[in-house]
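Next up, upload-v6.txt (compact mmCIF, C-alpha atoms):
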# COMPACT_ATOMS: atom_id res chain seq x y z
CA MET R 7 81.15 -17.81 12.31
CA ARG R 8 78.02 -18.39 10.19
CA ASP R 9 78.27 -22.16 10.61
CA LYS R 10 77.61 -21.93 14.37
CA PRO R 11 74.22 -23.31 15.40
CA ILE R 12 73.15 -20.11 17.18
CA CYS R 13 73.87 -18.05 14.06
CA MET R 14 71.95 -20.51 11.90
CA ILE R 15 68.96 -20.30 14.25
CA GLY R 16 69.07 -16.50 14.06
CA GLU R 17 69.15 -16.57 10.25
CA MET R 18 66.31 -19.09 10.09
CA TYR R 19 64.21 -16.96 12.47
CA ASN R 20 64.93 -13.84 10.42
CA GLU R 21 63.86 -15.58 7.21
CA LEU R 22 60.69 -16.88 8.90
CA MET R 23 59.76 -13.40 10.11
CA MET R 24 60.41 -11.80 6.72
CA THR R 25 58.27 -14.46 5.03
CA THR R 26 55.45 -13.96 7.54
CA PHE R 27 55.48 -10.18 7.13
CA TYR R 28 55.50 -10.52 3.33
CA LYS R 29 52.50 -12.87 3.37
CA ARG R 30 50.56 -10.58 5.71
CA ARG R 31 51.43 -7.51 3.65
CA THR R 32 50.21 -9.15 0.43
CA LEU R 33 46.98 -10.24 2.15
CA ALA R 34 46.41 -6.71 3.41
CA LEU R 35 46.67 -5.28 -0.11
CA GLY R 36 43.26 -6.78 -0.89
CA TRP R 37 41.55 -5.13 2.07
CA GLU R 38 39.65 -1.86 1.83
CA GLU R 39 41.51 1.05 3.36
CA GLY R 40 39.82 2.40 6.45
CA ALA R 41 37.68 -0.72 6.85
CA LEU R 42 37.89 -3.23 9.65
CA VAL R 43 40.04 -6.33 9.37
CA PRO R 44 38.16 -9.56 8.45
CA THR R 45 38.28 -11.02 11.99
CA CYS R 46 36.75 -7.87 13.42
CA LEU R 47 33.90 -8.09 10.91
CA ILE R 48 33.12 -11.62 12.08
CA VAL R 49 33.05 -10.48 15.70
CA GLN R 50 30.71 -7.61 14.82
CA GLU R 51 28.38 -10.02 13.02
CA LEU R 52 28.30 -12.34 16.04
CA ASN R 53 27.66 -9.42 18.39
CA GLY R 54 24.77 -8.31 16.23
CA LYS R 55 23.20 -11.76 16.30
CA LEU R 56 23.64 -12.04 20.06
CA MET R 57 22.22 -8.55 20.72
CA LEU R 58 19.15 -9.24 18.58
CA GLY R 59 18.60 -12.59 20.28
CA LYS R 60 18.63 -14.51 17.03
CA GLY R 61 19.06 -18.02 18.32
CA ASP R 62 21.04 -19.98 20.82
CA VAL R 63 24.50 -18.71 21.79
CA LEU R 64 26.14 -22.11 21.33
CA ALA R 65 24.53 -22.56 17.90
CA ILE R 66 25.80 -19.14 16.77
CA LEU R 67 29.34 -19.69 18.00
CA GLY R 68 29.45 -23.22 16.59
CA SER R 69 28.79 -22.08 13.02

Will you turn the file into structure tokens for me?
Amino acid sequence: MRDKPICMIGEMYNELMMTTFYKRRTLALGWEEGALVPTCLIVQELNGKLMLGKGDVLAILGS
């Protein structure tokens, strides 16, 4: 039964998902607990620059 293509696809997908979750979990170990995720910090920084009017919008988003 395990040599059927549909079973092989299921096993490959399962392995891919486990690998992805493991990588994300190990990345998250380095983050501060209770703090925002890195992407959210970037968005906050951009919002701050836009709210203060520090430069052109396209220049800020391009960097």

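Across the structure, atom CA of Leu33 of chain R and atom CA of Cys46 of chain R are spaced 15.4 Å apart.
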
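Remark: for Arg30 of chain R, the closest of the candidate residues R:Val49, R:Val43, R:Gly16, R:Asp9 is R:Val43 (distances computed over all atoms listed in the file).
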
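Reported to one decimal place, the separation of atom CA of Leu42 of chain R from atom CA of Gly54 of chain R is 15.5 Å.
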
Interatomic distance (Å, one decimal) between atom CA of Arg31 of chain R and atom CA of Leu47 of chain R = 19.0 Å

Some atoms are missing, so please complete segment 22-54 of chain R with N, CA and C atoms and return it as a PDB file, in the coordinates of the input.
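part_37.pdb, written as the output of this step:
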ATOM      1  N   LEU R  22      62.075 -16.570   8.548  1.00  0.00           N
ATOM      2  CA  LEU R  22      60.690 -16.880   8.900  1.00  0.00           C
ATOM      3  C   LEU R  22      59.885 -15.605   9.118  1.00  0.00           C
ATOM      4  N   MET R  23      60.454 -14.657   9.839  1.00  0.00           N
ATOM      5  CA  MET R  23      59.760 -13.400  10.110  1.00  0.00           C
ATOM      6  C   MET R  23      59.545 -12.594   8.833  1.00  0.00           C
ATOM      7  N   MET R  24      60.562 -12.533   7.979  1.00  0.00           N
ATOM      8  CA  MET R  24      60.410 -11.800   6.720  1.00  0.00           C
ATOM      9  C   MET R  24      59.330 -12.430   5.855  1.00  0.00           C
ATOM     10  N   THR R  25      59.285 -13.754   5.810  1.00  0.00           N
ATOM     11  CA  THR R  25      58.270 -14.460   5.030  1.00  0.00           C
ATOM     12  C   THR R  25      56.880 -14.181   5.583  1.00  0.00           C
ATOM     13  N   THR R  26      56.743 -14.217   6.902  1.00  0.00           N
ATOM     14  CA  THR R  26      55.450 -13.960   7.540  1.00  0.00           C
ATOM     15  C   THR R  26      54.974 -12.549   7.258  1.00  0.00           C
ATOM     16  N   PHE R  27      55.860 -11.570   7.397  1.00  0.00           N
ATOM     17  CA  PHE R  27      55.480 -10.180   7.130  1.00  0.00           C
ATOM     18  C   PHE R  27      55.101  -9.991   5.666  1.00  0.00           C
ATOM     19  N   TYR R  28      55.816 -10.642   4.754  1.00  0.00           N
ATOM     20  CA  TYR R  28      55.500 -10.520   3.330  1.00  0.00           C
ATOM     21  C   TYR R  28      54.118 -11.086   3.037  1.00  0.00           C
ATOM     22  N   LYS R  29      53.811 -12.257   3.601  1.00  0.00           N
ATOM     23  CA  LYS R  29      52.500 -12.870   3.370  1.00  0.00           C
ATOM     24  C   LYS R  29      51.376 -11.989   3.922  1.00  0.00           C
ATOM     25  N   ARG R  30      51.584 -11.441   5.108  1.00  0.00           N
ATOM     26  CA  ARG R  30      50.560 -10.580   5.710  1.00  0.00           C
ATOM     27  C   ARG R  30      50.392  -9.297   4.919  1.00  0.00           C
ATOM     28  N   ARG R  31      51.493  -8.746   4.426  1.00  0.00           N
ATOM     29  CA  ARG R  31      51.430  -7.510   3.650  1.00  0.00           C
ATOM     30  C   ARG R  31      50.671  -7.741   2.344  1.00  0.00           C
ATOM     31  N   THR R  32      50.914  -8.873   1.678  1.00  0.00           N
ATOM     32  CA  THR R  32      50.210  -9.150   0.430  1.00  0.00           C
ATOM     33  C   THR R  32      48.727  -9.422   0.677  1.00  0.00           C
ATOM     34  N   LEU R  33      48.393 -10.048   1.804  1.00  0.00           N
ATOM     35  CA  LEU R  33      46.980 -10.240   2.150  1.00  0.00           C
ATOM     36  C   LEU R  33      46.301  -8.896   2.392  1.00  0.00           C
ATOM     37  N   ALA R  34      46.987  -7.996   3.058  1.00  0.00           N
ATOM     38  CA  ALA R  34      46.410  -6.710   3.410  1.00  0.00           C
ATOM     39  C   ALA R  34      46.184  -5.821   2.187  1.00  0.00           C
ATOM     40  N   LEU R  35      46.871  -6.080   1.092  1.00  0.00           N
ATOM     41  CA  LEU R  35      46.670  -5.280  -0.110  1.00  0.00           C
ATOM     42  C   LEU R  35      45.251  -5.409  -0.647  1.00  0.00           C
ATOM     43  N   GLY R  36      44.616  -6.551  -0.404  1.00  0.00           N
ATOM     44  CA  GLY R  36      43.260  -6.780  -0.890  1.00  0.00           C
ATOM     45  C   GLY R  36      42.181  -6.183  -0.010  1.00  0.00           C
ATOM     46  N   TRP R  37      42.536  -5.686   1.151  1.00  0.00           N
ATOM     47  CA  TRP R  37      41.550  -5.130   2.070  1.00  0.00           C
ATOM     48  C   TRP R  37      41.231  -3.683   1.700  1.00  0.00           C
ATOM     49  N   GLU R  38      40.029  -3.250   2.055  1.00  0.00           N
ATOM     50  CA  GLU R  38      39.650  -1.860   1.830  1.00  0.00           C
ATOM     51  C   GLU R  38      40.331  -0.977   2.875  1.00  0.00           C
ATOM     52  N   GLU R  39      40.842   0.144   2.422  1.00  0.00           N
ATOM     53  CA  GLU R  39      41.510   1.050   3.360  1.00  0.00           C
ATOM     54  C   GLU R  39      40.471   1.751   4.233  1.00  0.00           C
ATOM     55  N   GLY R  40      40.742   1.776   5.510  1.00  0.00           N
ATOM     56  CA  GLY R  40      39.820   2.400   6.450  1.00  0.00           C
ATOM     57  C   GLY R  40      38.760   1.448   6.974  1.00  0.00           C
ATOM     58  N   ALA R  41      38.667   0.262   6.393  1.00  0.00           N
ATOM     59  CA  ALA R  41      37.680  -0.720   6.850  1.00  0.00           C
ATOM     60  C   ALA R  41      38.280  -1.573   7.963  1.00  0.00           C
ATOM     61  N   LEU R  42      37.432  -2.344   8.585  1.00  0.00           N
ATOM     62  CA  LEU R  42      37.890  -3.230   9.650  1.00  0.00           C
ATOM     63  C   LEU R  42      38.542  -4.476   9.050  1.00  0.00           C
ATOM     64  N   VAL R  43      39.411  -5.093   9.821  1.00  0.00           N
ATOM     65  CA  VAL R  43      40.040  -6.330   9.370  1.00  0.00           C
ATOM     66  C   VAL R  43      38.990  -7.441   9.374  1.00  0.00           C
ATOM     67  N   PRO R  44      39.175  -8.514   8.575  1.00  0.00           N
ATOM     68  CA  PRO R  44      38.160  -9.560   8.450  1.00  0.00           C
ATOM     69  C   PRO R  44      37.727 -10.186   9.788  1.00  0.00           C
ATOM     70  N   THR R  45      38.646 -10.413  10.707  1.00  0.00           N
ATOM     71  CA  THR R  45      38.280 -11.020  11.990  1.00  0.00           C
ATOM     72  C   THR R  45      37.347 -10.116  12.766  1.00  0.00           C
ATOM     73  N   CYS R  46      37.588  -8.839  12.709  1.00  0.00           N
ATOM     74  CA  CYS R  46      36.750  -7.870  13.420  1.00  0.00           C
ATOM     75  C   CYS R  46      35.338  -7.857  12.836  1.00  0.00           C
ATOM     76  N   LEU R  47      35.216  -8.041  11.540  1.00  0.00           N
ATOM     77  CA  LEU R  47      33.900  -8.090  10.910  1.00  0.00           C
ATOM     78  C   LEU R  47      33.109  -9.293  11.390  1.00  0.00           C
ATOM     79  N   ILE R  48      33.780 -10.415  11.577  1.00  0.00           N
ATOM     80  CA  ILE R  48      33.120 -11.620  12.080  1.00  0.00           C
ATOM     81  C   ILE R  48      32.623 -11.396  13.499  1.00  0.00           C
ATOM     82  N   VAL R  49      33.440 -10.758  14.320  1.00  0.00           N
ATOM     83  CA  VAL R  49      33.050 -10.480  15.700  1.00  0.00           C
ATOM     84  C   VAL R  49      31.852  -9.537  15.727  1.00  0.00           C
ATOM     85  N   GLN R  50      31.840  -8.529  14.875  1.00  0.00           N
ATOM     86  CA  GLN R  50      30.710  -7.610  14.820  1.00  0.00           C
ATOM     87  C   GLN R  50      29.430  -8.337  14.417  1.00  0.00           C
ATOM     88  N   GLU R  51      29.544  -9.249  13.463  1.00  0.00           N
ATOM     89  CA  GLU R  51      28.380 -10.020  13.020  1.00  0.00           C
ATOM     90  C   GLU R  51      27.838 -10.874  14.160  1.00  0.00           C
ATOM     91  N   LEU R  52      28.737 -11.521  14.904  1.00  0.00           N
ATOM     92  CA  LEU R  52      28.300 -12.340  16.040  1.00  0.00           C
ATOM     93  C   LEU R  52      27.666 -11.482  17.124  1.00  0.00           C
ATOM     94  N   ASN R  53      28.236 -10.327  17.392  1.00  0.00           N
ATOM     95  CA  ASN R  53      27.660  -9.420  18.390  1.00  0.00           C
ATOM     96  C   ASN R  53      26.256  -8.986  17.980  1.00  0.00           C
ATOM     97  N   GLY R  54      26.086  -8.711  16.716  1.00  0.00           N
ATOM     98  CA  GLY R  54      24.770  -8.310  16.230  1.00  0.00           C
ATOM     99  C   GLY R  54      23.739  -9.408  16.420  1.00  0.00           C
TER     100      GLY R  54
END
